[in-house]
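Next comes start_4.pdb, with PDB, C-alpha atoms.
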```
ATOM      1  CA  LEU A   1      19.534   5.349   0.300
ATOM      2  CA  GLN A   2      21.498   8.264  -1.174
ATOM      3  CA  LEU A   3      19.896  11.667  -1.522
ATOM      4  CA  ARG A   4      21.181  14.834  -3.113
ATOM      5  CA  GLU A   5      19.191  17.129  -0.838
ATOM      6  CA  ARG A   6      20.041  17.726   2.830
ATOM      7  CA  VAL A   7      17.769  15.770   5.164
ATOM      8  CA  ALA A   8      16.351  17.976   7.929
ATOM      9  CA  CYS A   9      14.115  15.546   9.832
ATOM     10  CA  HIS A  10      12.363  12.180   9.615
ATOM     11  CA  ASP A  11       9.808  10.014  11.384
ATOM     12  CA  LEU A  12       8.910   6.304  11.207
ATOM     13  CA  HIS A  13       5.718   4.361  11.873
ATOM     14  CA  TRP A  14       4.144   0.979  11.231
ATOM     15  CA  CYS A  15       1.006   1.028   9.111
ATOM     16  CA  GLU A  16      -1.493  -1.603   8.049
ATOM     17  CA  SER A  17      -0.914  -2.847   4.522
ATOM     18  CA  THR A  18      -3.620  -4.116   2.172
ATOM     19  CA  GLY A  19      -3.286  -7.735   1.127
ATOM     20  CA  LYS A  20      -4.969  -9.730  -1.592
ATOM     21  CA  GLY A  21      -8.720  -9.320  -1.859
ATOM     22  CA  GLY A  22      -8.599  -6.110   0.149
ATOM     23  CA  ASN A  23      -7.768  -7.945   3.366
ATOM     24  CA  SER A  24      -5.345  -6.556   5.902
ATOM     25  CA  GLY A  25      -1.789  -7.664   5.283
ATOM     26  CA  SER A  26       1.263  -7.599   7.485
ATOM     27  CA  PRO A  27       2.308  -4.256   9.016
ATOM     28  CA  GLU A  28       4.497  -2.065   6.819
ATOM     29  CA  LEU A  29       7.223   0.334   7.892
ATOM     30  CA  GLU A  30       6.871   3.825   6.422
ATOM     31  CA  ALA A  31       9.515   6.532   6.656
ATOM     32  CA  LEU A  32       8.604  10.172   6.156
ATOM     33  CA  ILE A  33      11.600  12.375   5.361
ATOM     34  CA  GLY A  34      11.715  16.176   5.262
ATOM     35  CA  PHE A  35      14.364  18.233   3.490
ATOM     36  CA  ALA A  36      15.878  21.685   3.891
ATOM     37  CA  SER A  37      14.561  22.419   0.392
ATOM     38  CA  GLY A  38      10.960  22.005   1.618
ATOM     39  CA  GLU A  39      10.481  18.651  -0.105
ATOM     40  CA  LEU A  40       8.965  15.529   1.415
ATOM     41  CA  LEU A  41       9.767  11.906   0.754
ATOM     42  CA  LEU A  42       7.632   8.872   1.581
ATOM     43  CA  TRP A  43       9.588   5.611   1.675
ATOM     44  CA  ARG A  44       8.769   2.014   2.553
ATOM     45  CA  PRO A  45      12.262   0.613   3.208
ATOM     46  CA  LEU A  46      11.288  -3.007   3.924
ATOM     47  CA  GLN A  47       9.734  -3.507   0.488
ATOM     48  CA  ARG A  48      13.269  -3.801  -0.907
ATOM     49  CA  ARG A  49      12.373  -2.141  -4.164
ATOM     50  CA  ASP A  50      15.031  -0.571  -6.333
ATOM     51  CA  VAL A  51      15.489   3.049  -5.351
ATOM     52  CA  PRO A  52      15.853   5.445  -8.285
ATOM     53  CA  ARG A  53      18.020   8.514  -8.106
ATOM     54  CA  PRO A  54      15.985  11.095  -6.270
ATOM     55  CA  ALA A  55      13.981  13.300  -8.588
ATOM     56  CA  LEU A  56      11.790  14.820  -5.929
ATOM     57  CA  ALA A  57       9.043  17.210  -6.872
ATOM     58  CA  SER A  58       9.810  20.426  -5.062
ATOM     59  CA  SER A  59       7.251  22.052  -2.810
ATOM     60  CA  ARG A  60       8.444  25.391  -4.175
ATOM     61  CA  GLU A  61       5.700  24.758  -6.675
ATOM     62  CA  GLY A  62       3.269  23.974  -3.887
ATOM     63  CA  SER A  63       1.955  25.360  -0.657
ATOM     64  CA  GLU A  64       5.203  25.649   1.277
ATOM     65  CA  SER A  65       8.700  26.255  -0.041
ATOM     66  CA  SER A  66      10.533  26.794   3.247
ATOM     67  CA  ALA A  67      12.635  24.147   4.968
ATOM     68  CA  VAL A  68      10.901  21.329   6.801
ATOM     69  CA  THR A  69      12.009  21.691  10.422
ATOM     70  CA  SER A  70       9.982  18.903  12.042
ATOM     71  CA  LEU A  71       7.447  16.255  11.049
ATOM     72  CA  LYS A  72       5.422  13.588  12.832
ATOM     73  CA  TRP A  73       3.042  10.782  11.938
ATOM     74  CA  ARG A  74      -0.321  11.162  13.670
ATOM     75  CA  PRO A  75      -0.931   8.345  16.181
ATOM     76  CA  HIS A  76      -3.612   5.780  15.274
ATOM     77  CA  LEU A  77      -4.193   7.293  11.816
ATOM     78  CA  ASP A  78      -1.844   5.765   9.257
ATOM     79  CA  ALA A  79      -2.706   8.250   6.529
ATOM     80  CA  CYS A  80      -2.102  11.428   8.521
ATOM     81  CA  PHE A  81       0.996  13.420   9.364
ATOM     82  CA  ALA A  82       2.025  16.975  10.215
ATOM     83  CA  THR A  83       4.943  19.069   8.995
ATOM     84  CA  ALA A  84       6.473  22.228  10.457
ATOM     85  CA  HIS A  85       8.444  24.783   8.467
ATOM     86  CA  SER A  86      11.045  27.497   8.900
ATOM     87  CA  SER A  87       8.493  30.069   7.711
ATOM     88  CA  GLY A  88       6.429  29.543  10.867
ATOM     89  CA  ARG A  89       3.796  27.472   9.085
ATOM     90  CA  LEU A  90       2.278  24.207  10.270
ATOM     91  CA  LEU A  91       0.601  21.817   7.820
ATOM     92  CA  LEU A  92      -1.572  18.778   8.506
ATOM     93  CA  PHE A  93      -1.908  16.146   5.766
ATOM     94  CA  ASP A  94      -4.498  13.417   5.315
ATOM     95  CA  ARG A  95      -3.774  11.074   2.402
ATOM     96  CA  ARG A  96      -7.365   9.812   2.479
ATOM     97  CA  ARG A  97      -8.708  13.169   1.345
ATOM     98  CA  MET A  98      -8.947  14.293  -2.239
ATOM     99  CA  ASP A  99      -5.920  16.253  -3.411
ATOM    100  CA  GLU A 100      -8.105  19.090  -4.628
ATOM    101  CA  SER A 101      -9.505  19.745  -1.141
ATOM    102  CA  PRO A 102      -8.467  23.253  -0.036
ATOM    103  CA  PRO A 103      -6.630  23.533   3.289
ATOM    104  CA  SER A 104      -8.599  24.705   6.328
ATOM    105  CA  SER A 105      -7.145  28.150   6.819
ATOM    106  CA  ARG A 106      -8.181  31.771   6.851
ATOM    107  CA  GLU A 107      -5.695  32.400   4.092
ATOM    108  CA  PRO A 108      -6.356  31.802   0.383
ATOM    109  CA  PRO A 109      -5.883  28.134  -0.622
ATOM    110  CA  LYS A 110      -2.494  27.309  -2.087
ATOM    111  CA  ARG A 111      -1.392  24.552  -4.376
ATOM    112  CA  ALA A 112      -0.562  21.115  -3.067
ATOM    113  CA  VAL A 113       2.779  19.884  -1.834
ATOM    114  CA  ARG A 114       4.131  17.001  -3.861
ATOM    115  CA  VAL A 115       5.082  14.045  -1.729
ATOM    116  CA  ALA A 116       7.604  11.919  -3.576
ATOM    117  CA  ALA A 117       7.297   8.154  -3.279
ATOM    118  CA  LEU A 118      10.297   5.993  -4.083
ATOM    119  CA  ARG A 119       8.963   4.403  -7.247
ATOM    120  CA  ARG A 120       9.988   4.190 -10.880
ATOM    121  CA  GLU A 121       8.062   7.281 -11.884
ATOM    122  CA  SER A 122       8.945  10.639 -13.299
ATOM    123  CA  ALA A 123       8.532  13.747 -11.174
ATOM    124  CA  SER A 124       5.484  14.784 -13.198
ATOM    125  CA  SER A 125       3.623  11.624 -12.167
ATOM    126  CA  LEU A 126       4.305  11.904  -8.431
ATOM    127  CA  PRO A 127       1.160  12.062  -6.267
ATOM    128  CA  ARG A 128       0.044  15.441  -4.999
ATOM    129  CA  HIS A 129      -1.172  15.791  -1.429
ATOM    130  CA  ALA A 130      -2.887  19.004  -0.434
ATOM    131  CA  PRO A 131      -2.704  19.901   3.256
ATOM    132  CA  SER A 132      -6.052  19.431   4.965
ATOM    133  CA  CYS A 133      -5.180  22.150   7.507
ATOM    134  CA  SER A 134      -2.765  25.060   7.459
ATOM    135  CA  TRP A 135      -1.816  27.383  10.300
ATOM    136  CA  GLN A 136       0.642  30.259  10.587
ATOM    137  CA  VAL A 137       1.952  29.611  14.093
ATOM    138  CA  SER A 138       4.398  32.505  14.248
ATOM    139  CA  GLU A 139       2.976  35.844  13.170
ATOM    140  CA  ALA A 140       6.529  37.135  12.769
ATOM    141  CA  GLY A 141       7.445  34.262  10.465
ATOM    142  CA  ALA A 142       9.844  32.627  12.935
ATOM    143  CA  ALA A 143      10.558  28.945  12.425
ATOM    144  CA  VAL A 144       8.476  26.221  14.039
ATOM    145  CA  ASN A 145      11.241  24.249  15.741
ATOM    146  CA  ALA A 146       9.334  21.184  16.930
ATOM    147  CA  ILE A 147       5.891  19.577  16.975
ATOM    148  CA  ALA A 148       4.347  16.759  19.026
ATOM    149  CA  PHE A 149       1.033  14.881  19.013
ATOM    150  CA  ASN A 150      -0.604  13.804  22.259
ATOM    151  CA  SER A 151      -1.005  10.068  22.858
ATOM    152  CA  ASP A 152      -4.358   9.665  21.077
ATOM    153  CA  GLY A 153      -3.506  12.034  18.215
ATOM    154  CA  SER A 154      -6.345  14.432  18.935
ATOM    155  CA  ARG A 155      -4.139  17.419  19.719
ATOM    156  CA  LEU A 156      -0.917  18.864  18.382
ATOM    157  CA  ALA A 157       1.648  21.111  20.061
ATOM    158  CA  ALA A 158       4.092  23.356  18.208
ATOM    159  CA  VAL A 159       6.914  25.569  19.490
ATOM    160  CA  THR A 160       8.656  28.359  17.618
ATOM    161  CA  ALA A 161      11.916  30.287  17.522
ATOM    162  CA  ASP A 162      10.115  33.427  18.772
ATOM    163  CA  SER A 163       8.993  31.836  22.074
ATOM    164  CA  VAL A 164       5.486  30.761  21.062
ATOM    165  CA  ILE A 165       3.892  27.467  22.107
ATOM    166  CA  ALA A 166       0.618  26.744  20.319
ATOM    167  CA  LEU A 167      -1.825  23.885  20.939
ATOM    168  CA  PHE A 168      -4.312  22.719  18.295
ATOM    169  CA  ASP A 169      -7.525  20.720  18.522
ATOM    170  CA  LEU A 170      -7.390  18.529  15.399
ATOM    171  CA  ALA A 171     -10.987  17.277  15.560
ATOM    172  CA  ALA A 172     -12.255  20.872  15.374
ATOM    173  CA  GLU A 173      -9.265  21.977  13.250
ATOM    174  CA  ARG A 174      -8.723  25.067  15.382
ATOM    175  CA  LEU A 175      -6.195  26.748  17.641
ATOM    176  CA  LEU A 176      -6.911  25.615  21.205
ATOM    177  CA  MET A 177      -4.590  27.934  23.107
ATOM    178  CA  ARG A 178      -1.389  29.882  22.698
ATOM    179  CA  PHE A 179       1.343  30.729  25.210
ATOM    180  CA  GLN A 180       4.348  33.029  25.085
ATOM    181  CA  ALA A 181       7.597  32.116  26.825
ATOM    182  CA  TYR A 182       9.361  34.982  28.561
ATOM    183  CA  PHE A 183      12.786  34.636  26.941
ATOM    184  CA  GLY A 184      14.448  32.981  23.960
ATOM    185  CA  GLY A 185      13.209  30.546  21.367
ATOM    186  CA  LEU A 186      11.585  27.222  22.208
ATOM    187  CA  LEU A 187      13.397  24.191  20.795
ATOM    188  CA  CYS A 188      11.403  21.072  21.759
ATOM    189  CA  CYS A 189       8.102  19.921  23.225
ATOM    190  CA  CYS A 190       6.226  16.828  24.354
ATOM    191  CA  TRP A 191       2.967  15.807  26.063
ATOM    192  CA  SER A 192       2.345  14.116  29.377
ATOM    193  CA  ARG A 193       0.790  10.654  29.057
ATOM    194  CA  ASP A 194      -2.604  11.861  30.258
ATOM    195  CA  GLY A 195      -2.601  14.817  27.860
ATOM    196  CA  ARG A 196      -3.102  17.369  30.645
ATOM    197  CA  TYR A 197       0.321  19.001  30.356
ATOM    198  CA  VAL A 198       2.754  20.063  27.669
ATOM    199  CA  LEU A 199       6.477  20.338  28.365
ATOM    200  CA  SER A 200       8.782  22.648  26.440
ATOM    201  CA  GLY A 201      12.504  23.319  26.451
ATOM    202  CA  GLY A 202      14.265  26.323  25.023
ATOM    203  CA  GLU A 203      17.100  28.786  24.892
ATOM    204  CA  ASP A 204      16.361  29.959  28.437
ATOM    205  CA  ASP A 205      17.879  26.649  29.658
ATOM    206  CA  LEU A 206      14.594  25.778  31.386
ATOM    207  CA  VAL A 207      12.083  22.974  30.996
ATOM    208  CA  SER A 208       8.607  24.480  31.385
ATOM    209  CA  VAL A 209       5.412  22.592  32.237
ATOM    210  CA  TRP A 210       2.202  24.082  30.834
ATOM    211  CA  SER A 211      -1.246  23.139  32.141
ATOM    212  CA  LEU A 212      -4.122  22.995  29.679
ATOM    213  CA  SER A 213      -6.796  23.244  32.386
ATOM    214  CA  LEU A 214      -5.182  26.248  34.091
ATOM    215  CA  ARG A 215      -3.985  27.745  30.805
ATOM    216  CA  SER A 216      -0.705  28.740  32.392
ATOM    217  CA  ILE A 217       2.748  27.522  33.320
ATOM    218  CA  VAL A 218       2.772  25.440  36.523
ATOM    219  CA  ALA A 219       6.416  24.419  36.922
ATOM    220  CA  ARG A 220       9.912  25.104  35.632
ATOM    221  CA  GLY A 221      12.960  22.896  35.839
ATOM    222  CA  GLN A 222      16.414  24.409  35.575
ATOM    223  CA  GLY A 223      18.481  22.992  32.740
ATOM    224  CA  HIS A 224      22.104  23.259  31.737
ATOM    225  CA  ARG A 225      24.038  26.360  30.752
ATOM    226  CA  SER A 226      24.197  27.069  27.027
TER     227      SER A 226
END
```
Target format structure tokens, applied to this file:
Amino acid sequence: LQLRERVACHDLHWCESTGKGGNSGSPELEALIGFASGELLLWRPLQRRDVPRPALASSREGSESSAVTSLKWRPHLDACFATAHSSGRLLLFDRRRMDESPPSSREPPKRAVRVAALRRESASSLPRHAPSCSWQVSEAGAAVNAIAFNSDGSRLAAVTADSVIALFDLAAERLLMRFQAYFGGLLCCCWSRDGRYVLSGGEDDLVSVWSLSLRSIVARGQGHRS
């Protein structure tokens, strides 16, 4: 697969395919690819279809034109994924929803991002997927560096270049809580298996453990020197 745009991030998952008569078929591998241009690409590599030269519909015409910095498939929901952007914005997509549905946000609705599928179609015929939720994680517009779903996909964590860690309740489509690190940008994050803690790592060379029940940091582990 050759692409003219610079790939910024990607994520893979297995999804249920639809067989003949609407029955469930064998699992299918889907790759979601994000680009520095803000574009998204949905690819099913095991179908072995001919891949045309990329003519990706740019999200500059859509809801987010900044670089995709991180993206993840939502666990247990094949049609859902989240993307993070260098503008500080976080978008949640649900391919089951109508494209015309406005994103859940306090800001005015914006046009949909075009998600390019690797098919023999022109850019004008590519499907449009409007984000079902949209959040501005960083008020200063700093990049969202990483995102992570918890194990059941009900919550999403995001960390930013201006030291913010934000946790979202996806069932209620709202911000659950927000923390501020004391120094430097945050670069990565993950959840504990039981969903009670979020871990973050950043430019302070520390791994921090955040407790959802206590709403505070409970431990720090010293890392390496930058």
Tell me, as a PDB file with C-alpha atoms, in the coordinates of the input, which residues lie within 6 Å of Ile33 in chain A, counting only C-alpha atoms; anything in the same chain fewer than 5 positions away does not count.
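Wrote it out as part_22.pdb, contents follow:
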```
ATOM      1  CA  HIS A  10      12.363  12.180   9.615  1.00  0.00           C
ATOM      2  CA  LEU A  40       8.965  15.529   1.415  1.00  0.00           C
ATOM      3  CA  LEU A  41       9.767  11.906   0.754  1.00  0.00           C
TER       4      LEU A  41
END
```
* Residues returned when the PyMOL selection byres ((chain A and resi 154-168) around 8) runs on this file, as a PyMOL selection string -> chain A and resi 88+137-138+140+142-153+169-171+173-190+198+200
* Apply the PyMOL selection byres ((chain A and resi 220) around 6) to the structure shown and report the selected residues as a PyMOL selection string. => chain A and resi 207-208+219+221
* Asked: Smallest atom-to-atom distance to Leu90 in chain A: which of A:Ser134, A:Ser26, A:Gln47, A:Ser192, using all atoms listed in the file?
  ->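 Once distances to Leu90 in chain A are computed over all atoms listed in the file, the minimum belongs to A:Ser134.
Of the listed residues A:Arg74, A:Glu5, A:Glu16, A:Gln222, the one whose atoms come nearest to Glu203 in chain A is A:Gln222, with distances taken using all atoms listed in the file.
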* **Polymer residues at most 12 Å from Ser213 in chain A, all atoms listed in the file, same-chain spacing of 3 or more positions, as a list in words** =>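 After dropping sequence-adjacent residues, the list is Leu176, Met177, Gly195, Arg196, Tyr197, Val198, Trp210, Ser216, Ile217 and Val218 of chain A.
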Residues near Ala84 in chain A, cut-off 7 Å, all atoms listed in the file, skip fewer than 5 positions along chain, as a compact mmCIF listing (two decimals) with C-alpha atoms, in the coordinates of the input:
```txt
# COMPACT_ATOMS: atom_id res chain seq x y z
CA VAL A 68 10.90 21.33 6.80
CA THR A 69 12.01 21.69 10.42
CA SER A 70 9.98 18.90 12.04
CA LEU A 71 7.45 16.26 11.05
CA ARG A 89 3.80 27.47 9.09
CA LEU A 90 2.28 24.21 10.27
CA LEU A 91 0.60 21.82 7.82
CA VAL A 144 8.48 26.22 14.04
```
* **Residue among A:Ala8, A:Leu199, A:Ala67, A:Leu42 lying closest to Arg95 in chain A, counting all atoms listed in the file** => A:Leu42
* **Atom-to-atom span, CA of Glu30 in chain A and CA of Cys133 in chain A, Å** => 22.0 Å
* To do: Provide the CA of Pro75 in chain A to CA of Arg96 in chain A distance in Å, to one decimal place.
  =>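 Atom-to-atom, CA of Pro75 in chain A to CA of Arg96 in chain A, that is 15.2 Å.
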* Atomic distance CA of Gln136 in chain A - CA of Arg193 in chain A, expressed in Å with one decimal -> 26.9 Å
Might I get the box with edges along x, y and z of the file that holds all atoms of range 132-151 of chain A listed there, padded by 6 Å on every side, given as centre and edge lengths in Å to one decimal, as AutoDock Vina command-line options?
```
--center_x 2.6 --center_y 23.6 --center_z 13.9 --size_x 29.3 --size_y 39.1 --size_z 29.9
```
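Distances here use all atoms listed in the file; by that measure, the residue among A:Glu139, A:Ser132, A:His13, A:Ser66 closest to Asp78 in chain A is A:His13.
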